[in-house]
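Let me begin by presenting the structure, written as structure tokens, before commenting on it.
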Amino acid sequence: MKVVVDEEHKGQIPATINKLSFLSRTLNNRTALLYLLPSIVLFSVFVFYPMFKTVYLSFFLTDLQGRPAEFVGLENFQYLIQSESFHKSIKATLLFVLYTVPISIVTALFLAIIANEKLKGIGVFRTLFSSTMGMSVAASSVIWLFLFHPSIGAINRLLSIFNIQAIEWLVDPSWALISISITTIWMNTGFTFLILLGGLQNIDENLYESASIDGASFWYKMRRITIPMLSPTLFFIITITLINAFQTFGQVDILTKGGPAESTNLIVYSIYREAFINYQFGTASAQAIVLFFFILIVTILQFKFGEKRVFYQ
Amino acid sequence: MINKWVVYPLLMICSICLIFPICYAFFISLMDGGEILQGQILPKSVTYQNYIDAFKSVPLLQYLWNSFIVSTSVTIGMLVVSSLAAFTFVFIPFHGRNVVFFIFISTMMIPWEATMIPNFLTIQKLGWINSYEGLTIPFFALAFGTFLLRQHFKIIPLELYEASQVAGLSQFKFFYKIVLPVSKTSLVTLGAYGFLTTWNMYLWPLLVTSNDSVRTVQIGIKQLQTQEIATEWGVVMAGVIIVIIPALLLLFLGQKQLQKGLTQGSIK
Amino acid sequence: MKKVELVQISKSYNHHTNVLENINVSIEPGEFFVLVGPSGCGKSTLLRMIAGLEDISQGKLFIGGHHANLLRPSQRGISFVFQNYALYPHLTVAENIVFGLQAQKVPKNERNKRCIEVADMLGLIPFLKRKPRELSGGQRQRVALARSIVSQAPICLMDEPLSNLDAKLRSHMRSEIKQIQRRLGLTMIYVTHDQVEAMTMGDRIMVLNEGKIQQIGDPLQIYNHPANAFVAQFIGSPPMNLIPATFNKQKQTIQIEYHHEILVPLHDVRNISNEDIIVGIRPEDIHLARNEPIHFQIEVVNVEVLGTETIISFKIKDQQWSMKWNGQWRIAIGDRIPISLDYQVLSIFDSKTGTALKNAKADTHYKINEVNL
Ligand SMILES: Nc1ncnc2c1ncn2[C@@H]1O[C@H](COP(=O)(O)OP(=O)(O)OP(=O)(O)O)[C@@H](O)[C@H]1O
Ligand SMILES: [Mg+2]
């Protein structure tokens with residue numbers, strides 16, 4: 001590559017734009033492509049292609065192997081709009097979101113605040129509080145299945161101590177969704193707690209100290225320092241919890257199978273049943289599209305309204 | 001900040017409430033059938049029979065092994081794929097970098113459940129039903145992982161890259177000799193996170209496994225529960241305890257790390 | 001030892017505006033060459049182009065007589081010391097030092113030998129096993145130096161390597177770097193925004209402003225004969241006092257304020273053609289009017305007593321000037337002091353272009369001393 005230029009001509013070299021060779025100019029592009037290739041291939045095969053395929057399938061009736069058999073246009077969607085069972089599913093999903101998200105966040109925030117105190121042995125409590133993060137859906141659901149057991153489950157035993165009549169947690173249509181929500185809130189606590197605690201610990205200690213010097217009360221500090229400084233973390237965790245709520249499946253599958261009377265037929269479970277039990281891939285895909293839009297709307301709303309109130313560092 | 005005589009009792013009560021289901025499951029797993037039916041909470045006498053029965057009634061060891069293989073493969077695959085992508089986004093200036101990154105991030109908005117039908121069909125077509133490939137490869141590319149690592153790689157001063165260029169290091173060598181070791185902690189975080197989520201995965205293994213050879217432990221629990229529910233709660237709970245122990249251990253060991261790594265990645 | 005030549009080099013990041021324009025300079029083998037200028041003037045950019053970390057938009061770069069525009073950084077025979085040192089945080093000091101050698105596949109024995117040699121030279125032996133974060137700023141700086149020295153590259157580039165150190169350590173490192181450069185015969189290209197560093201270290205200095213070369217020369221040339229008002233004000237501490245003035249050809253005077261006039265000697269009258277000029281005077285050239293004609297009666301606004309000298313600030317025509325007097329003076333803020341300006345020590349610049357029309361006569365007050373034994 002070394003080019004020797006004779007001494008006399010150097011001064012006369014006009015200021016030219018250097019032409020790098022094509023290969024070295026595109027070196028970065030080629031390397032980038034090489035390094036990104038695994039991700040690109042995987043995303044294409046397992047995210048983008050199936051997304052389009054889902055849209056495609058939602059316009060068809062399919063055979064048992066999931067092959068599109070007959071183009072029906074928007075009929076699958078029309079069917080959904082009229083389907084009472086789908087209405088129930090949507091209603092259950094929205095109710096479920098409403099039950100679980102606020103309570104999960106508030107509970108975890110409370111736990112994070114008390115676990116953020118610098119006390120002896122606080123590490124043990126932090127570990128305990130985060131423990132449900134390690135619990136799988138299947139394990140948690142099975143445990144709660146027993147806790148909700150009408151006669152020998154701990155919850156009804158506890159109620160009986162206070163002379164409260166046994167509740168048919170998973171069988172009574174008015175309680176089933178609540179039972180699922182309780183299980184979910186319990187499962188959410190660990191992760192949500194861990195994230196919020198991290199957020200709290202990122203807040204500069206000096207802010208509290210200077211507020212204390214000014215004589216601020218606990219609630220004042222909470223309102224004026226903790227919540228604003230925590231808002232990016234809250235923003236993040238609310239979004240995650242919301243999205244997770246829309247994606248709930250395992251609890252339903254183990255605890256209620258969508259029943260009783262479809263009162264816990266959350267949307268993902270509904271998709272699963274439609275596709276893998278009834279082999280209606282077309283309508284299942286149409287439901288999947290609805291799910292996609294739910295999550296899209298959540299994300300957009302979060303960014304639109306959440307962002308204004310968020311304090312960014 | 002708050003009086004510690006208020007905080008300690010609060011901490012105690014909350015811990016008991018939260019931990020109770022897990023402890024309860026543990027106690028049940030130590031009881032015999034009669035005690036369980038009486039609705040005891042603490043076992044009067046301890047029996048390990050349930051554990052023996054659990055291993056007998058479903059091939060739990062095989063399931064544990066499968067779960068371990070699957071979780072480890074996903075963890076490694078995901079770390080490799082995401083770290084390569086994250087490295088590219090941070091250190092290699094290529095045309096359309098922002099656009100490509102945006103496309104990557106947009107995959108986070110597509111819920112896995114919305115695409116599971118075609119994915120199932122794909123796996124079927126590839127002949128990956130009941131195989132480790134079907135359980136692992138779809139999860140190798142993870143936008144969240146790429147995003148998290150990118151945030152961490154961005155903290156690495158560009159001068160380190162330039163210094164290694166002056167020293168004559170190739171891009172790939174810089175990646176594995178400098179970037180990876182320097183970001184060890186975030187890799188561990190993401191790895192633990194990946195391992196946990198894969199270990200606990202439920203819906204996908206339910207769809208793509210139909211026999212014992214690759215079935216994971218979570219499906220094992222469900223199987224145990226549907227088989228035994230009528231009588232043997234103790235056996236089911238023994239199974240549950242066996243399944244949650246590895247995940248809980250990992251969590252307890254890496255809790256601080258996870259918390260730090262995940263919050264940093266999520267916010268900045 | 002290698003020569004570095006820049007021929008009509010320009011740099012543009014956005015294809016519209018040039019960050020650097022038409023840089024022509026030839027840096028001699030074994031020379032300590034300092035690039036100095038205010039923040040954002042393009043010093044780092046220029047250095048990084050020489051290193052190959054930045055593409056050269058226009059012009060040619062020759063290193064050791066070879067065209068080097070397209071060479072990769074590692075092929076240019078350079079070492080680079082970064083402002084924040086760029087030490088690898090996960091490697092020990094020793095590993096950091098030999099990192100480049102490893103990349104170049106230098107055999108292990110040789111590596112260790114060179115590492116010990118350099119570590120010894122810089123007093124790093126006790127720290128070889130430590131990680132960078134266990135070192136003080138000064139020690140990290142030494143590791144960065146060691147890493148560059150150990151490569152035995154004939155050309156060493158440094159980008160503000162001392163700016164993160166405290167004043168005392170900085171002056172110590174200045175002389176240390178200079179000595180090492182001499183001893184090893186390195187061609188050094190050293191970027192700084194600190195004119196003291198430039199003056200004390202450089203064999204030659206290049207002053208840059210807004211991407212253009214203002215002046216190249218040895219330190220005394222630059223101090224005594226600044227090519228323009230920018231250089232005059234940039235080099236020297238406190239900076240040269242500048243003030244717009246008018247030159248009256250008939251009266252042969254320079255008029256600074258309405259009634260303050262300075263007579264211009266006949267032979268200089270011809271040299272100055274403009275009416276509008278900028279007059280500059282170094283702080284050390286203003287003194288108390290004892291027997292001389294009083295030019296200004298000034299009111300002191302600030303006094304800094306430094307021990308061996310005293311810096312007195314005052315206002316002239318809304319501008320703050322300062323003067324530097326030898327010795328210790330008891331002066332209070334608000335005192336009125338008569339001062340005199342001698343024509344000999346005035347610098348005169350074109351008010352539009354800033355080009356120097358006349359430089360202060362260097363040896364009126366400062367004789368350049370020679371030691372003859
Ligand atoms: N990557 C880049 N893209 C666009 N403009 C840049 C880039 N790097 C530097 N510049 C611009 O080029 C000019 C010169 O920057 P440079 O870093 O060389 O300044 P400098 O003289 O080193 O300043 P300092 O003393 O602050 O380090 C600045 O105006 C800067 O904004
Ligand atoms: Mg700079």
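Residue numbers start at 1 in each chain; chains themselves are named A, B, ... in the order of the structure tokens; ligands are numbered from 1 in the order shown.
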
Ligand 1 neighbours within 9 Å using only C-alpha atoms and all ligand atoms, as a ChimeraX atom specification:
/C:11-14,18-20,36-48,54,83,159-160,191-193,208-211

Can you work out which residues from chain C touch chain B at a cut-off of 9 Å (counting only C-alpha atoms) and hand them back as a CSV table (one decimal) with N, CA and C atoms, in the first residue's frame?
```
chain,number,residue,atom,x,y,z
C,51,ALA,N,-3.2,10.3,12.9
C,51,ALA,CA,-3.2,9.0,13.4
C,51,ALA,C,-3.9,8.0,12.6
C,52,GLY,N,-4.8,8.5,11.7
C,52,GLY,CA,-5.6,7.6,10.9
C,52,GLY,C,-6.9,7.2,11.6
C,53,LEU,N,-7.3,8.0,12.6
C,53,LEU,CA,-8.5,7.7,13.3
C,53,LEU,C,-9.7,8.4,12.6
C,72,ARG,N,-3.8,2.2,7.6
C,72,ARG,CA,-4.5,2.0,8.9
C,72,ARG,C,-3.7,2.6,10.0
C,73,PRO,N,-4.3,2.9,11.1
C,73,PRO,CA,-3.5,3.5,12.2
C,73,PRO,C,-2.3,2.7,12.6
C,74,SER,N,-2.5,1.4,12.7
C,74,SER,CA,-1.4,0.5,13.1
C,74,SER,C,-0.3,0.4,12.1
C,75,GLN,N,-0.5,0.9,10.9
C,75,GLN,CA,0.5,0.8,9.9
C,75,GLN,C,1.4,2.1,9.8
C,76,ARG,N,1.0,3.1,10.6
C,76,ARG,CA,1.6,4.4,10.5
C,76,ARG,C,2.9,4.6,11.3
C,77,GLY,N,3.2,3.6,12.2
C,77,GLY,CA,4.3,3.8,13.0
C,77,GLY,C,4.1,4.9,14.1
C,78,ILE,N,2.9,4.9,14.6
C,78,ILE,CA,2.6,6.0,15.6
C,78,ILE,C,2.2,5.3,16.9
C,79,SER,N,2.3,6.1,18.0
C,79,SER,CA,1.6,5.8,19.2
C,79,SER,C,0.7,7.0,19.6
C,80,PHE,N,-0.3,6.7,20.4
C,80,PHE,CA,-1.2,7.8,20.6
C,80,PHE,C,-1.5,7.8,22.1
C,81,VAL,N,-1.5,9.0,22.7
C,81,VAL,CA,-1.9,9.1,24.1
C,81,VAL,C,-3.1,9.9,24.2
C,82,PHE,N,-4.2,9.3,24.7
C,82,PHE,CA,-5.5,10.0,24.8
C,82,PHE,C,-5.6,10.9,26.0
C,83,GLN,N,-6.5,11.8,25.9
C,83,GLN,CA,-6.7,12.7,27.0
C,83,GLN,C,-7.2,12.0,28.2
C,84,ASN,N,-8.1,11.0,28.0
C,84,ASN,CA,-8.6,10.3,29.2
C,84,ASN,C,-7.9,8.9,29.3
C,85,TYR,N,-6.7,8.9,28.7
C,85,TYR,CA,-5.8,7.7,28.8
C,85,TYR,C,-6.2,6.5,28.1
C,86,ALA,N,-7.5,6.2,28.0
C,86,ALA,CA,-8.0,5.0,27.3
C,86,ALA,C,-7.3,3.7,27.8
C,87,LEU,N,-7.2,3.6,29.1
C,87,LEU,CA,-6.6,2.3,29.6
C,87,LEU,C,-7.7,1.3,29.6
C,88,TYR,N,-7.4,0.0,29.4
C,88,TYR,CA,-8.4,-1.0,29.4
C,88,TYR,C,-8.6,-1.4,30.8
C,89,PRO,N,-9.9,-1.1,31.3
C,89,PRO,CA,-10.2,-1.2,32.7
C,89,PRO,C,-10.0,-2.7,33.3
C,90,HIS,N,-10.1,-3.7,32.4
C,90,HIS,CA,-10.1,-5.0,32.9
C,90,HIS,C,-8.7,-5.6,32.9
C,99,PHE,N,-0.2,-4.5,25.8
C,99,PHE,CA,-1.3,-4.8,25.0
C,99,PHE,C,-1.0,-4.7,23.5
C,100,GLY,N,-0.5,-3.6,23.1
C,100,GLY,CA,-0.2,-3.4,21.7
C,100,GLY,C,0.9,-4.4,21.2
C,101,LEU,N,1.8,-4.7,22.0
C,101,LEU,CA,2.9,-5.6,21.6
C,101,LEU,C,2.3,-7.0,21.3
C,102,GLN,N,1.4,-7.4,22.2
C,102,GLN,CA,0.7,-8.6,22.0
C,102,GLN,C,0.0,-8.7,20.7
C,103,ALA,N,-0.7,-7.6,20.4
C,103,ALA,CA,-1.5,-7.5,19.1
C,103,ALA,C,-0.5,-7.6,17.9
C,104,GLN,N,0.7,-7.1,18.1
C,104,GLN,CA,1.7,-7.2,17.0
C,104,GLN,C,2.5,-8.5,17.1
C,151,SER,N,5.8,0.9,22.6
C,151,SER,CA,5.5,0.4,21.2
C,151,SER,C,6.7,0.7,20.4
```

Find the residue from A:Ile227, A:Leu170, A:Leu255, A:Ala288 that sits nearest to chain B; use only C-alpha atoms when measuring.
A:Ala288

Within 8 Å of Met323 of chain C using only C-alpha atoms, minus same-chain residues under 2 positions, as a ChimeraX atom specification:
/C:282-287,311-313,321,325

Write to file, as a compact mmCIF listing (two decimals), in the first residue's frame, the residues of the selection just made, with all heavy atoms.
```txt
# COMPACT_ATOMS: atom_id res chain seq x y z
N ARG C 282 1.91 44.11 26.10
CA ARG C 282 2.00 43.01 27.06
C ARG C 282 1.95 43.58 28.48
O ARG C 282 2.49 44.67 28.74
CB ARG C 282 3.30 42.23 26.88
CG ARG C 282 3.38 41.53 25.54
CD ARG C 282 3.67 40.06 25.70
NE ARG C 282 3.68 39.39 24.40
CZ ARG C 282 2.75 38.52 24.03
NH1 ARG C 282 1.75 38.22 24.84
NH2 ARG C 282 2.81 37.95 22.84
N PRO C 283 1.33 42.85 29.37
CA PRO C 283 1.16 43.34 30.74
C PRO C 283 2.47 43.75 31.40
O PRO C 283 2.51 44.71 32.16
CB PRO C 283 0.54 42.15 31.47
CG PRO C 283 -0.16 41.39 30.43
CD PRO C 283 0.63 41.57 29.18
N GLU C 284 3.52 43.02 31.07
CA GLU C 284 4.79 43.35 31.73
C GLU C 284 5.43 44.61 31.17
O GLU C 284 6.42 45.09 31.69
CB GLU C 284 5.76 42.16 31.64
CG GLU C 284 6.12 41.73 30.23
CD GLU C 284 5.19 40.64 29.70
OE1 GLU C 284 4.02 40.57 30.18
OE2 GLU C 284 5.60 39.87 28.81
N ASP C 285 4.87 45.15 30.09
CA ASP C 285 5.45 46.33 29.46
C ASP C 285 4.80 47.63 29.91
O ASP C 285 5.15 48.70 29.44
CB ASP C 285 5.35 46.21 27.94
CG ASP C 285 6.28 45.13 27.40
OD1 ASP C 285 7.26 44.82 28.11
OD2 ASP C 285 6.02 44.59 26.32
N ILE C 286 3.83 47.53 30.77
CA ILE C 286 3.20 48.75 31.27
C ILE C 286 3.84 49.05 32.62
O ILE C 286 3.94 48.16 33.46
CB ILE C 286 1.70 48.55 31.50
CG1 ILE C 286 1.05 47.99 30.23
CG2 ILE C 286 1.03 49.85 31.91
CD1 ILE C 286 -0.41 47.67 30.39
N HIS C 287 4.26 50.30 32.81
CA HIS C 287 4.80 50.55 34.16
C HIS C 287 4.41 51.89 34.72
O HIS C 287 3.84 52.74 34.04
CB HIS C 287 6.31 50.31 34.25
CG HIS C 287 7.04 50.70 33.02
ND1 HIS C 287 8.21 50.14 32.64
CD2 HIS C 287 6.74 51.58 32.06
CE1 HIS C 287 8.60 50.67 31.51
NE2 HIS C 287 7.73 51.54 31.15
N ILE C 311 -0.03 41.43 39.77
CA ILE C 311 -0.82 41.70 38.58
C ILE C 311 -1.92 42.66 38.94
O ILE C 311 -2.70 42.43 39.88
CB ILE C 311 -1.40 40.40 38.00
CG1 ILE C 311 -0.25 39.52 37.50
CG2 ILE C 311 -2.38 40.70 36.87
CD1 ILE C 311 -0.67 38.14 37.11
N ILE C 312 -1.96 43.77 38.24
CA ILE C 312 -2.91 44.82 38.56
C ILE C 312 -3.86 44.98 37.38
O ILE C 312 -3.41 45.11 36.23
CB ILE C 312 -2.16 46.15 38.81
CG1 ILE C 312 -1.15 45.93 39.94
CG2 ILE C 312 -3.12 47.27 39.13
CD1 ILE C 312 0.15 46.61 39.70
N SER C 313 -5.15 44.94 37.66
CA SER C 313 -6.12 45.10 36.59
C SER C 313 -6.78 46.46 36.69
O SER C 313 -6.98 46.99 37.77
CB SER C 313 -7.21 44.04 36.68
OG SER C 313 -6.65 42.78 36.83
N TRP C 321 -7.81 45.71 31.38
CA TRP C 321 -6.41 45.47 31.07
C TRP C 321 -5.73 44.95 32.31
O TRP C 321 -6.21 45.14 33.42
CB TRP C 321 -5.72 46.78 30.65
CG TRP C 321 -5.89 47.12 29.21
CD1 TRP C 321 -6.92 46.77 28.42
CD2 TRP C 321 -5.00 47.89 28.43
NE1 TRP C 321 -6.75 47.27 27.16
CE2 TRP C 321 -5.55 47.98 27.14
CE3 TRP C 321 -3.77 48.54 28.67
CZ2 TRP C 321 -4.94 48.68 26.10
CZ3 TRP C 321 -3.17 49.24 27.65
CH2 TRP C 321 -3.74 49.30 26.36
N TRP C 325 3.78 43.63 37.31
CA TRP C 325 4.97 44.31 37.81
C TRP C 325 5.79 43.34 38.62
O TRP C 325 5.25 42.54 39.39
CB TRP C 325 4.57 45.49 38.72
CG TRP C 325 3.93 46.63 37.96
CD1 TRP C 325 3.79 46.72 36.61
CD2 TRP C 325 3.36 47.79 38.54
NE1 TRP C 325 3.14 47.89 36.29
CE2 TRP C 325 2.88 48.56 37.46
CE3 TRP C 325 3.23 48.28 39.84
CZ2 TRP C 325 2.26 49.80 37.66
CZ3 TRP C 325 2.61 49.50 40.04
CH2 TRP C 325 2.12 50.27 38.95
```

Might you pull out every residue within 12 Å of Gly123 of chain A, with only C-alpha atoms counted and same-chain residues fewer than 5 positions away left off, and present them as a ChimeraX atom specification?
/A:114-118,128-130,197 /B:11,252-253,255-256

Same residues, all heavy atoms, saved as a short mmCIF file (atom, residue, chain, number, x, y, z; two decimals), in the first residue's frame:
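Result went into selection.cif, see below:
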```cif
data_model
loop_
_atom_site.label_atom_id
_atom_site.label_comp_id
_atom_site.auth_asym_id
_atom_site.auth_seq_id
_atom_site.Cartn_x
_atom_site.Cartn_y
_atom_site.Cartn_z
N ILE A 114 -40.02 0.39 51.51
CA ILE A 114 -39.59 -0.05 52.84
C ILE A 114 -38.30 -0.86 52.77
O ILE A 114 -37.53 -0.87 53.72
CB ILE A 114 -40.69 -0.84 53.61
CG1 ILE A 114 -41.10 -2.10 52.86
CG2 ILE A 114 -41.90 0.04 53.91
CD1 ILE A 114 -42.04 -2.97 53.67
N ALA A 115 -38.03 -1.47 51.64
CA ALA A 115 -36.79 -2.25 51.54
C ALA A 115 -35.62 -1.37 51.15
O ALA A 115 -34.48 -1.83 51.06
CB ALA A 115 -36.94 -3.38 50.54
N ASN A 116 -35.87 -0.10 50.89
CA ASN A 116 -34.78 0.81 50.52
C ASN A 116 -34.15 1.46 51.75
O ASN A 116 -33.17 2.17 51.65
CB ASN A 116 -35.30 1.88 49.56
CG ASN A 116 -34.16 2.61 48.87
OD1 ASN A 116 -33.12 2.02 48.62
ND2 ASN A 116 -34.36 3.88 48.58
N GLU A 117 -34.73 1.20 52.92
CA GLU A 117 -34.15 1.73 54.15
C GLU A 117 -32.83 1.03 54.41
O GLU A 117 -32.68 -0.16 54.12
CB GLU A 117 -35.11 1.45 55.32
CG GLU A 117 -36.43 2.16 55.21
CD GLU A 117 -36.29 3.67 55.36
OE1 GLU A 117 -35.56 4.08 56.28
OE2 GLU A 117 -36.88 4.42 54.56
N LYS A 118 -31.89 1.80 54.94
CA LYS A 118 -30.60 1.18 55.24
C LYS A 118 -30.64 0.62 56.65
O LYS A 118 -30.39 1.32 57.62
CB LYS A 118 -29.49 2.21 55.12
CG LYS A 118 -29.20 2.58 53.70
CD LYS A 118 -27.81 3.15 53.54
CE LYS A 118 -27.56 3.50 52.09
NZ LYS A 118 -28.52 4.50 51.59
N LEU A 128 -35.93 -11.89 49.77
CA LEU A 128 -37.24 -12.52 49.91
C LEU A 128 -38.27 -11.83 49.00
O LEU A 128 -39.05 -12.49 48.32
CB LEU A 128 -37.71 -12.44 51.36
CG LEU A 128 -36.95 -13.31 52.35
CD1 LEU A 128 -37.51 -13.15 53.77
CD2 LEU A 128 -37.00 -14.77 51.93
N PHE A 129 -38.23 -10.51 48.99
CA PHE A 129 -39.22 -9.78 48.19
C PHE A 129 -39.06 -10.06 46.70
O PHE A 129 -40.02 -10.00 45.94
CB PHE A 129 -39.10 -8.27 48.43
CG PHE A 129 -39.61 -7.83 49.78
CD1 PHE A 129 -39.44 -6.52 50.20
CD2 PHE A 129 -40.25 -8.73 50.63
CE1 PHE A 129 -39.90 -6.12 51.44
CE2 PHE A 129 -40.70 -8.33 51.88
CZ PHE A 129 -40.53 -7.02 52.28
N SER A 130 -37.84 -10.30 46.29
CA SER A 130 -37.65 -10.51 44.85
C SER A 130 -37.84 -11.97 44.47
O SER A 130 -37.76 -12.32 43.30
CB SER A 130 -36.27 -10.03 44.42
OG SER A 130 -35.29 -10.74 45.13
N LEU A 197 -36.77 -1.07 43.12
CA LEU A 197 -35.72 -0.88 44.11
C LEU A 197 -34.46 -0.32 43.44
O LEU A 197 -33.82 0.60 43.95
CB LEU A 197 -35.41 -2.21 44.82
CG LEU A 197 -34.33 -2.13 45.90
CD1 LEU A 197 -34.79 -1.25 47.05
CD2 LEU A 197 -33.98 -3.52 46.41
N LEU B 11 -41.67 -4.98 57.23
CA LEU B 11 -40.85 -5.88 56.42
C LEU B 11 -41.19 -7.34 56.75
O LEU B 11 -41.34 -8.17 55.86
CB LEU B 11 -39.37 -5.63 56.70
CG LEU B 11 -38.77 -4.36 56.09
CD1 LEU B 11 -37.39 -4.09 56.67
CD2 LEU B 11 -38.69 -4.47 54.58
N PHE B 252 -31.23 -15.85 43.87
CA PHE B 252 -30.64 -15.36 45.11
C PHE B 252 -29.18 -15.00 44.91
O PHE B 252 -28.69 -14.02 45.44
CB PHE B 252 -30.77 -16.43 46.20
CG PHE B 252 -32.19 -16.62 46.65
CD1 PHE B 252 -32.58 -17.73 47.38
CD2 PHE B 252 -33.16 -15.68 46.33
CE1 PHE B 252 -33.89 -17.90 47.79
CE2 PHE B 252 -34.48 -15.84 46.72
CZ PHE B 252 -34.85 -16.96 47.45
N LEU B 253 -28.50 -15.80 44.11
CA LEU B 253 -27.08 -15.50 43.87
C LEU B 253 -26.92 -14.21 43.08
O LEU B 253 -26.04 -13.41 43.34
CB LEU B 253 -26.42 -16.66 43.11
CG LEU B 253 -26.24 -17.93 43.93
CD1 LEU B 253 -25.60 -19.02 43.09
CD2 LEU B 253 -25.38 -17.64 45.16
N GLN B 255 -29.19 -11.70 42.54
CA GLN B 255 -30.23 -10.69 42.70
C GLN B 255 -29.70 -9.26 42.57
O GLN B 255 -30.23 -8.46 41.82
CB GLN B 255 -30.89 -10.87 44.07
CG GLN B 255 -31.96 -9.86 44.39
CD GLN B 255 -31.73 -9.22 45.74
OE1 GLN B 255 -31.13 -9.82 46.61
NE2 GLN B 255 -32.18 -8.00 45.91
N LYS B 256 -28.61 -8.97 43.26
CA LYS B 256 -28.03 -7.61 43.22
C LYS B 256 -27.68 -7.24 41.79
O LYS B 256 -28.00 -6.18 41.29
CB LYS B 256 -26.78 -7.58 44.07
CG LYS B 256 -27.00 -6.97 45.42
CD LYS B 256 -25.79 -6.13 45.82
CE LYS B 256 -26.01 -5.56 47.20
NZ LYS B 256 -25.44 -6.40 48.26
#
```

Ranking C:Pro239, C:Gly65, C:Gly327, C:Pro161 by minimum distance to ligand 2 and counting only C-alpha atoms and all ligand atoms, which one comes first?
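Closest residue, counting only C-alpha atoms and all ligand atoms: C:Pro161.
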
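Going from atom CA of Gln165 of chain A over to atom CA of Gly153 of chain A, you cover 13.4 Å.
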
Counting only C-alpha atoms, the option among A:Phe77, A:Phe59, A:Phe86, A:Trp144 closest to chain B:
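Smallest separation from chain B among the options: A:Trp144.
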
Just give me the gap between atom CA of Ala153 of chain C and atom CA of Arg133 of chain C in Å, one decimal is fine.
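Going from atom CA of Ala153 of chain C over to atom CA of Arg133 of chain C covers 26.7 Å.
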
Just the residues within 10 Å of Ser140 of chain A, please, counting only C-alpha atoms, with nothing from its chain fewer than 5 positions along; format it as a PyMOL selection string.
(chain A and resi 132+134-135+145+183-184+186-187+250-251+254) or (chain B and resi 21-22+25+240+244)

Selection from above, N, CA and C atoms, as a JSON list (two decimals), in the first residue's frame, can you write it?
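Once written, part16.json looks like this:
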```json
[["chain", "number", "residue", "atom", "x", "y", "z"],
["A", 132, "THR", "N", -40.26, -14.05, 44.08],
["A", 132, "THR", "CA", -41.25, -14.57, 43.14],
["A", 132, "THR", "C", -40.81, -14.39, 41.69],
["A", 134, "GLY", "N", -38.21, -15.60, 40.54],
["A", 134, "GLY", "CA", -37.67, -16.89, 40.12],
["A", 134, "GLY", "C", -38.73, -17.97, 39.95],
["A", 135, "MET", "N", -39.96, -17.64, 40.32],
["A", 135, "MET", "CA", -41.03, -18.64, 40.27],
["A", 135, "MET", "C", -41.61, -18.72, 38.86],
["A", 145, "LEU", "N", -53.17, -23.08, 42.89],
["A", 145, "LEU", "CA", -54.29, -23.99, 42.66],
["A", 145, "LEU", "C", -54.64, -24.68, 43.97],
["A", 183, "THR", "N", -53.11, -14.38, 41.84],
["A", 183, "THR", "CA", -51.92, -15.18, 41.49],
["A", 183, "THR", "C", -50.94, -14.34, 40.69],
["A", 184, "THR", "N", -51.46, -13.61, 39.72],
["A", 184, "THR", "CA", -50.60, -12.82, 38.84],
["A", 184, "THR", "C", -49.89, -11.71, 39.60],
["A", 186, "TRP", "N", -49.16, -11.65, 42.68],
["A", 186, "TRP", "CA", -48.11, -12.27, 43.49],
["A", 186, "TRP", "C", -46.88, -12.57, 42.63],
["A", 187, "MET", "N", -47.12, -13.10, 41.44],
["A", 187, "MET", "CA", -46.00, -13.44, 40.58],
["A", 187, "MET", "C", -45.26, -12.20, 40.08],
["A", 250, "GLY", "N", -50.21, -18.91, 31.15],
["A", 250, "GLY", "CA", -49.99, -20.08, 31.99],
["A", 250, "GLY", "C", -50.96, -20.20, 33.16],
["A", 251, "GLN", "N", -51.19, -19.10, 33.86],
["A", 251, "GLN", "CA", -52.09, -19.11, 35.01],
["A", 251, "GLN", "C", -53.45, -19.65, 34.59],
["A", 254, "ILE", "N", -53.50, -23.45, 33.74],
["A", 254, "ILE", "CA", -53.43, -24.38, 34.86],
["A", 254, "ILE", "C", -54.59, -24.20, 35.84],
["B", 21, "PRO", "N", -46.82, -18.70, 50.21],
["B", 21, "PRO", "CA", -47.16, -19.75, 49.24],
["B", 21, "PRO", "C", -46.01, -20.72, 49.00],
["B", 22, "ILE", "N", -44.79, -20.19, 48.94],
["B", 22, "ILE", "CA", -43.66, -21.07, 48.65],
["B", 22, "ILE", "C", -43.41, -22.01, 49.83],
["B", 25, "ALA", "N", -46.05, -24.64, 50.02],
["B", 25, "ALA", "CA", -45.82, -25.72, 49.07],
["B", 25, "ALA", "C", -44.78, -26.69, 49.62],
["B", 240, "VAL", "N", -43.01, -29.42, 42.35],
["B", 240, "VAL", "CA", -42.88, -27.96, 42.27],
["B", 240, "VAL", "C", -41.60, -27.50, 42.96],
["B", 244, "ILE", "N", -38.50, -25.39, 41.26],
["B", 244, "ILE", "CA", -38.21, -23.97, 41.52],
["B", 244, "ILE", "C", -36.85, -23.77, 42.15]]
```
